[in-house]
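File shown: entry-v2.cif. Contents: mmCIF, C-alpha atoms.
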```cif
data_entry
loop_
_atom_site.group_PDB
_atom_site.id
_atom_site.type_symbol
_atom_site.label_atom_id
_atom_site.label_comp_id
_atom_site.auth_asym_id
_atom_site.auth_seq_id
_atom_site.Cartn_x
_atom_site.Cartn_y
_atom_site.Cartn_z
ATOM 1 C CA MET A 1 -128.548 73.306 -71.731
ATOM 2 C CA LYS A 2 -124.934 73.341 -72.908
ATOM 3 C CA TYR A 3 -121.591 73.071 -71.173
ATOM 4 C CA VAL A 4 -117.884 73.267 -72.017
ATOM 5 C CA SER A 5 -115.089 70.904 -70.972
ATOM 6 C CA LEU A 6 -111.675 71.424 -69.381
ATOM 7 C CA ILE A 7 -110.214 68.176 -70.747
ATOM 8 C CA PHE A 8 -107.210 69.398 -72.708
ATOM 9 C CA LEU A 9 -106.655 66.186 -74.683
ATOM 10 C CA SER A 10 -110.212 66.191 -75.994
ATOM 11 C CA PHE A 11 -110.725 69.888 -76.609
ATOM 12 C CA ALA A 12 -113.379 69.472 -79.263
ATOM 13 C CA LEU A 13 -116.216 67.538 -77.688
ATOM 14 C CA THR A 14 -119.306 66.963 -79.780
ATOM 15 C CA SER A 15 -121.787 67.606 -76.963
ATOM 16 C CA CYS A 16 -119.854 70.300 -75.083
ATOM 17 C CA THR A 17 -119.375 73.458 -77.116
ATOM 18 C CA LEU A 18 -118.913 77.041 -76.050
ATOM 19 C CA LEU A 19 -121.656 79.313 -77.348
ATOM 20 C CA GLU A 20 -120.173 81.803 -79.805
ATOM 21 C CA THR A 21 -122.162 84.908 -79.038
ATOM 22 C CA SER A 22 -121.457 88.462 -78.018
ATOM 23 C CA GLU A 23 -124.433 88.518 -75.703
ATOM 24 C CA PRO A 24 -123.615 88.269 -71.965
ATOM 25 C CA LEU A 25 -124.438 85.023 -70.190
ATOM 26 C CA PRO A 26 -127.444 84.989 -67.844
ATOM 27 C CA LEU A 27 -126.241 85.583 -64.273
ATOM 28 C CA TYR A 28 -127.505 83.507 -61.351
ATOM 29 C CA THR A 29 -127.013 84.663 -57.778
ATOM 30 C CA LEU A 30 -126.350 82.466 -54.751
ATOM 31 C CA GLN A 31 -128.909 83.131 -52.032
ATOM 32 C CA ASN A 32 -128.518 81.236 -48.779
ATOM 33 C CA GLY A 33 -131.829 82.122 -47.121
ATOM 34 C CA SER A 34 -132.235 83.574 -43.640
ATOM 35 C CA PHE A 35 -130.900 82.528 -40.243
ATOM 36 C CA GLU A 36 -132.417 83.108 -36.819
ATOM 37 C CA GLN A 37 -130.469 85.582 -34.702
ATOM 38 C CA SER A 38 -128.563 84.274 -31.680
ATOM 39 C CA ASN A 39 -126.192 85.712 -29.075
ATOM 40 C CA LEU A 40 -124.337 82.462 -28.400
ATOM 41 C CA PHE A 41 -121.215 83.658 -30.216
ATOM 42 C CA THR A 42 -120.167 87.161 -29.166
ATOM 43 C CA GLU A 43 -116.557 87.260 -30.350
ATOM 44 C CA SER A 44 -115.197 89.243 -33.287
ATOM 45 C CA ILE A 45 -114.673 86.951 -36.256
ATOM 46 C CA ALA A 46 -113.247 87.715 -39.692
ATOM 47 C CA ILE A 47 -114.222 85.731 -42.782
ATOM 48 C CA ASP A 48 -111.230 85.103 -45.026
ATOM 49 C CA MET A 49 -111.526 84.758 -48.805
ATOM 50 C CA PRO A 50 -112.195 81.053 -49.491
ATOM 51 C CA LEU A 51 -109.464 79.059 -51.196
ATOM 52 C CA SER A 52 -110.225 76.767 -54.116
ATOM 53 C CA GLU A 53 -108.552 74.827 -56.871
ATOM 54 C CA ALA A 54 -108.153 76.668 -60.179
ATOM 55 C CA SER A 55 -111.106 74.953 -61.864
ATOM 56 C CA LEU A 56 -113.485 76.356 -59.213
ATOM 57 C CA ASN A 57 -111.847 79.775 -58.942
ATOM 58 C CA THR A 58 -114.046 81.171 -61.701
ATOM 59 C CA ASN A 59 -117.445 82.675 -62.345
ATOM 60 C CA ARG A 60 -118.455 79.675 -64.436
ATOM 61 C CA ILE A 61 -120.999 77.222 -62.995
ATOM 62 C CA ALA A 62 -119.207 73.894 -62.723
ATOM 63 C CA LEU A 63 -120.162 70.386 -63.763
ATOM 64 C CA THR A 64 -118.251 67.249 -62.710
ATOM 65 C CA PRO A 65 -119.017 64.343 -65.084
ATOM 66 C CA SER A 66 -116.208 62.190 -63.616
ATOM 67 C CA PRO A 67 -113.685 62.444 -60.733
ATOM 68 C CA TYR A 68 -110.931 63.747 -63.041
ATOM 69 C CA GLN A 69 -112.989 65.970 -65.309
ATOM 70 C CA ARG A 70 -114.413 69.452 -64.879
ATOM 71 C CA GLU A 71 -116.801 71.155 -67.270
ATOM 72 C CA TYR A 72 -118.862 74.345 -67.249
ATOM 73 C CA PHE A 73 -122.344 75.267 -68.321
ATOM 74 C CA ALA A 74 -122.058 77.460 -71.399
ATOM 75 C CA ASP A 75 -125.378 79.248 -70.991
ATOM 76 C CA ALA A 76 -125.091 80.565 -67.408
ATOM 77 C CA SER A 77 -122.655 82.166 -64.991
ATOM 78 C CA TRP A 78 -122.220 83.419 -61.439
ATOM 79 C CA PRO A 79 -121.956 87.251 -61.166
ATOM 80 C CA ASP A 80 -118.434 86.901 -59.675
ATOM 81 C CA ARG A 81 -115.784 84.257 -58.998
ATOM 82 C CA LEU A 82 -117.079 81.425 -56.819
ATOM 83 C CA PRO A 83 -114.797 82.207 -53.800
ATOM 84 C CA ASN A 84 -116.184 85.759 -53.749
ATOM 85 C CA ILE A 85 -119.719 84.431 -54.008
ATOM 86 C CA LEU A 86 -119.245 82.017 -51.099
ATOM 87 C CA GLN A 87 -117.535 84.638 -48.941
ATOM 88 C CA GLU A 88 -120.531 86.946 -49.394
ATOM 89 C CA ALA A 89 -122.914 84.108 -48.503
ATOM 90 C CA LEU A 90 -120.914 83.369 -45.335
ATOM 91 C CA LEU A 91 -120.797 87.040 -44.360
ATOM 92 C CA GLU A 92 -124.537 87.400 -44.831
ATOM 93 C CA GLY A 93 -125.463 84.182 -43.036
ATOM 94 C CA LEU A 94 -123.117 84.596 -40.046
ATOM 95 C CA SER A 95 -124.043 88.271 -39.680
ATOM 96 C CA GLN A 96 -127.712 87.335 -39.521
ATOM 97 C CA ARG A 97 -126.961 84.717 -36.881
ATOM 98 C CA TRP A 98 -124.428 86.489 -34.648
ATOM 99 C CA GLY A 99 -124.903 90.164 -35.521
ATOM 100 C CA GLY A 100 -123.108 92.352 -38.007
ATOM 101 C CA ILE A 101 -120.911 94.018 -35.372
ATOM 102 C CA TYR A 102 -119.115 90.715 -34.728
ATOM 103 C CA VAL A 103 -118.728 89.446 -38.309
ATOM 104 C CA ASN A 104 -116.512 91.102 -40.928
ATOM 105 C CA ARG A 105 -114.423 90.173 -43.935
ATOM 106 C CA LEU A 106 -110.688 89.769 -43.251
ATOM 107 C CA LYS A 107 -108.843 93.043 -43.844
ATOM 108 C CA THR A 108 -105.406 94.395 -43.074
ATOM 109 C CA GLY A 109 -105.369 95.900 -39.592
ATOM 110 C CA LEU A 110 -108.664 94.333 -38.533
ATOM 111 C CA GLN A 111 -108.723 93.647 -34.808
ATOM 112 C CA ALA A 112 -110.591 90.345 -34.963
ATOM 113 C CA ARG A 113 -110.004 87.648 -32.382
ATOM 114 C CA TYR A 114 -110.868 84.772 -34.691
ATOM 115 C CA VAL A 115 -110.555 84.097 -38.405
ATOM 116 C CA LEU A 116 -112.664 81.630 -40.343
ATOM 117 C CA HIS A 117 -110.684 80.068 -43.195
ATOM 118 C CA THR A 118 -112.535 78.018 -45.799
ATOM 119 C CA GLU A 119 -111.485 75.875 -48.738
ATOM 120 C CA ILE A 120 -113.937 74.965 -51.500
ATOM 121 C CA GLN A 121 -113.314 71.347 -52.434
ATOM 122 C CA ASP A 122 -116.395 70.905 -54.603
ATOM 123 C CA PHE A 123 -119.190 73.151 -55.798
ATOM 124 C CA SER A 124 -120.591 71.509 -58.897
ATOM 125 C CA VAL A 125 -123.294 69.401 -60.500
ATOM 126 C CA HIS A 126 -122.722 65.641 -60.638
ATOM 127 C CA ASN A 127 -124.358 62.866 -62.677
ATOM 128 C CA MET A 128 -125.905 65.098 -65.334
ATOM 129 C CA GLY A 129 -128.053 63.177 -67.788
ATOM 130 C CA THR A 130 -129.162 60.628 -65.191
ATOM 131 C CA THR A 131 -132.076 60.343 -62.794
ATOM 132 C CA GLN A 132 -129.674 60.929 -59.865
ATOM 133 C CA ALA A 133 -128.301 64.327 -60.882
ATOM 134 C CA GLU A 134 -127.350 66.406 -57.832
ATOM 135 C CA THR A 135 -125.362 69.394 -56.666
ATOM 136 C CA ILE A 136 -122.474 68.693 -54.316
ATOM 137 C CA ILE A 137 -121.005 71.380 -52.097
ATOM 138 C CA LYS A 138 -117.944 70.399 -50.065
ATOM 139 C CA VAL A 139 -116.104 72.984 -47.970
ATOM 140 C CA ARG A 140 -113.420 72.712 -45.291
ATOM 141 C CA PHE A 141 -113.893 75.134 -42.379
ATOM 142 C CA LYS A 142 -111.009 76.095 -40.115
ATOM 143 C CA LEU A 143 -111.349 78.455 -37.146
ATOM 144 C CA VAL A 144 -108.118 80.149 -36.098
ATOM 145 C CA ASN A 145 -107.329 82.175 -32.978
ATOM 146 C CA LEU A 146 -105.654 85.109 -34.721
ATOM 147 C CA ARG A 147 -103.926 86.462 -31.624
ATOM 148 C CA GLU A 148 -102.449 83.122 -30.610
ATOM 149 C CA ARG A 149 -101.879 81.924 -34.201
ATOM 150 C CA LYS A 150 -103.506 78.621 -33.301
ATOM 151 C CA VAL A 151 -106.046 76.468 -35.130
ATOM 152 C CA ILE A 152 -108.933 75.826 -32.750
ATOM 153 C CA ALA A 153 -110.927 73.427 -34.886
ATOM 154 C CA SER A 154 -111.290 72.160 -38.432
ATOM 155 C CA HIS A 155 -114.113 70.290 -40.137
ATOM 156 C CA VAL A 156 -115.246 69.386 -43.657
ATOM 157 C CA PHE A 157 -118.930 69.829 -44.478
ATOM 158 C CA GLU A 158 -120.502 68.248 -47.545
ATOM 159 C CA GLU A 159 -124.053 68.707 -48.792
ATOM 160 C CA LYS A 160 -125.682 66.807 -51.657
ATOM 161 C CA VAL A 161 -128.999 68.069 -53.019
ATOM 162 C CA PRO A 162 -130.828 66.120 -55.777
ATOM 163 C CA LEU A 163 -132.095 68.191 -58.688
ATOM 164 C CA CYS A 164 -135.862 68.512 -58.805
ATOM 165 C CA ALA A 165 -135.550 69.765 -62.391
ATOM 166 C CA VAL A 166 -132.587 69.490 -64.773
ATOM 167 C CA THR A 167 -132.736 73.170 -65.720
ATOM 168 C CA MET A 168 -130.559 76.118 -64.718
ATOM 169 C CA GLU A 169 -133.308 77.272 -62.361
ATOM 170 C CA GLY A 170 -133.443 73.808 -60.796
ATOM 171 C CA ILE A 171 -129.653 73.688 -60.484
ATOM 172 C CA ILE A 172 -129.422 77.117 -58.820
ATOM 173 C CA THR A 173 -132.259 76.207 -56.456
ATOM 174 C CA ALA A 174 -130.300 73.106 -55.398
ATOM 175 C CA PHE A 175 -127.105 75.151 -54.920
ATOM 176 C CA ASN A 176 -129.011 77.652 -52.770
ATOM 177 C CA GLU A 177 -130.530 74.888 -50.643
ATOM 178 C CA GLY A 178 -127.182 73.144 -50.212
ATOM 179 C CA THR A 179 -125.423 76.402 -49.298
ATOM 180 C CA HIS A 180 -128.034 77.194 -46.652
ATOM 181 C CA ILE A 181 -127.753 73.733 -45.068
ATOM 182 C CA LEU A 182 -123.949 73.852 -45.175
ATOM 183 C CA ILE A 183 -123.778 77.260 -43.455
ATOM 184 C CA GLU A 184 -126.417 76.166 -40.947
ATOM 185 C CA ASN A 185 -124.341 73.092 -40.067
ATOM 186 C CA ALA A 186 -121.190 75.200 -39.805
ATOM 187 C CA ILE A 187 -122.965 77.603 -37.424
ATOM 188 C CA SER A 188 -124.110 74.678 -35.273
ATOM 189 C CA TRP A 189 -120.553 73.306 -35.264
ATOM 190 C CA VAL A 190 -119.146 76.625 -34.028
ATOM 191 C CA GLU A 191 -121.836 77.171 -31.388
ATOM 192 C CA LYS A 192 -122.066 73.625 -29.990
ATOM 193 C CA ASP A 193 -118.532 72.317 -30.367
ATOM 194 C CA VAL A 194 -116.021 75.068 -31.074
ATOM 195 C CA PHE A 195 -117.448 77.710 -28.736
ATOM 196 C CA LYS A 196 -117.252 75.251 -25.831
ATOM 197 C CA THR A 197 -113.511 74.976 -26.466
ATOM 198 C CA ILE A 198 -113.211 78.751 -26.587
ATOM 199 C CA LYS A 199 -115.044 79.188 -23.251
ATOM 200 C CA VAL A 200 -112.973 76.490 -21.537
ATOM 201 C CA SER A 201 -109.731 78.080 -22.773
ATOM 202 C CA LYS A 202 -110.702 81.335 -21.067
ATOM 203 C CA LEU A 203 -111.130 79.694 -17.664
#
```
Written as structure tokens, that's how I'd like the structure from this file.
Amino acid sequence: MKYVSLIFLSFALTSCTLLETSEPLPLYTLQNGSFEQSNLFTESIAIDMPLSEASLNTNRIALTPSPYQREYFADASWPDRLPNILQEALLEGLSQRWGGIYVNRLKTGLQARYVLHTEIQDFSVHNMGTTQAETIIKVRFKLVNLRERKVIASHVFEEKVPLCAVTMEGIITAFNEGTHILIENAISWVEKDVFKTIKVSKL
């Protein structure tokens, strides 16, 4: 398993080299599992494109060897940029939970009552080469009342999943598990905490 570094002052790292090949990288999809359907949230909600720092706004699968260093696996890739991948996972998961008629991506002219903004703060593998290697997914969720231009609630969710196997398959499995738990926790947050605020505001 190889990876490439973003450290500009040490461009040529002995253990982190980009594979020089014309063959396309193997693509790994993000699958967040299934969610039980519920009618607790029956408002129209639009899912905005997630924000992220530049080092995560890519189709490369990220590795974080230290707090100020970002690297990428050289022998694997997501099929699209990470924000697009996460938006699709959110659309799929929330549609399964609340019904596709209520959940849409944010578009010009869309008559949605609420907008879910997200910001990817981490989506990478940490501690590679140790017995404690893990994937860390950290995303800020913000629910906005689009008509009133008011933030209803904001919360940061973080999921850490240890790697059962230090292989690309093991890494993707951990990302999938972490994404499912993170979306599940975000759904619970909306239904148990945020939706109560919405119902009270209508009284």
Result set of the PyMOL selection byres ((chain A and resi 158) around 6) on the coordinates above, as a CSV table (one decimal) with C-alpha atoms, keeping the file's coordinate frame:
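Saved to result.csv:
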```csv
chain,number,residue,atom,x,y,z
A,137,ILE,CA,-121.0,71.4,-52.1
A,138,LYS,CA,-117.9,70.4,-50.1
A,157,PHE,CA,-118.9,69.8,-44.5
A,159,GLU,CA,-124.1,68.7,-48.8
```
Shell around A:Lys150 at 10 Å using only C-alpha atoms, local window under 6 positions removed, as a ChimeraX atom specification: /A:114,143-144
For A:Asp75, the nearest of the candidates A:Gly93, A:Glu177, A:Ile61, A:Val156, counting all atoms listed in the file: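 Nearest candidate to A:Asp75 out of A:Gly93, A:Glu177, A:Ile61, A:Val156: A:Ile61.
For the set A:Met128, A:Val139, A:Leu116, A:Cys164, the residue with the smallest atom-to-atom gap to A:Val190 is A:Leu116, counting only C-alpha atoms.
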Residue nearest A:Ala62 among A:Ala46, A:Leu91, A:Ala165, A:Ile171 (counting only C-alpha atoms):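 Nearest to A:Ala62: A:Ile171.
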Output of the PyMOL selection byres ((chain A and resi 147) around 12), listed as number ranges by chain: A: 44-45, 110-115, 144-146, 148-152
Expansion of the PyMOL selection byres ((chain A and resi 49) around 10) into residues, as a list in words: Ala46, Ile47, Asp48, Pro50, Leu51, Ser52, Pro83, Asn84, Ile85, Leu86, Gln87, Glu88, Arg105, Leu106, Leu116, His117, Thr118 and Glu119 of chain A
Residues near A:Val166, cut-off 10 Å, all atoms listed in the file, skip fewer than 2 positions along chain, as an NGL selection string: :A and (1 or 128-131 or 133-134 or 162-164 or 168-171)
Atom CA of A:Lys107 to atom CA of A:Gly178, distance in Å rounded to a single decimal: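 Atom CA of A:Lys107 sits 27.8 Å away from atom CA of A:Gly178.
The smallest atom-to-atom distance between A:Thr167 and any of A:Ala89, A:Ala76, A:Leu25, A:Ala54, using all atoms listed in the file, is found for A:Ala76.
Rounded to one decimal, atom CA of A:Ser38 and atom CA of A:Leu182 lie 17.7 Å from each other.
Relative to atom CA of A:Ser95, atom CA of A:Val161 is found at 24.7 Å.
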A:Phe35, A:Phe123, A:Phe141, A:Phe73 ranked by distance to A:Leu94, top pick (using all atoms listed in the file): A:Phe35
Given all atoms listed in the file as the counted atoms, nearest of A:Ser124, A:Gln96, A:Gln31, A:Thr42 to A:Arg70: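 Smallest distance to A:Arg70 is found for A:Ser124.
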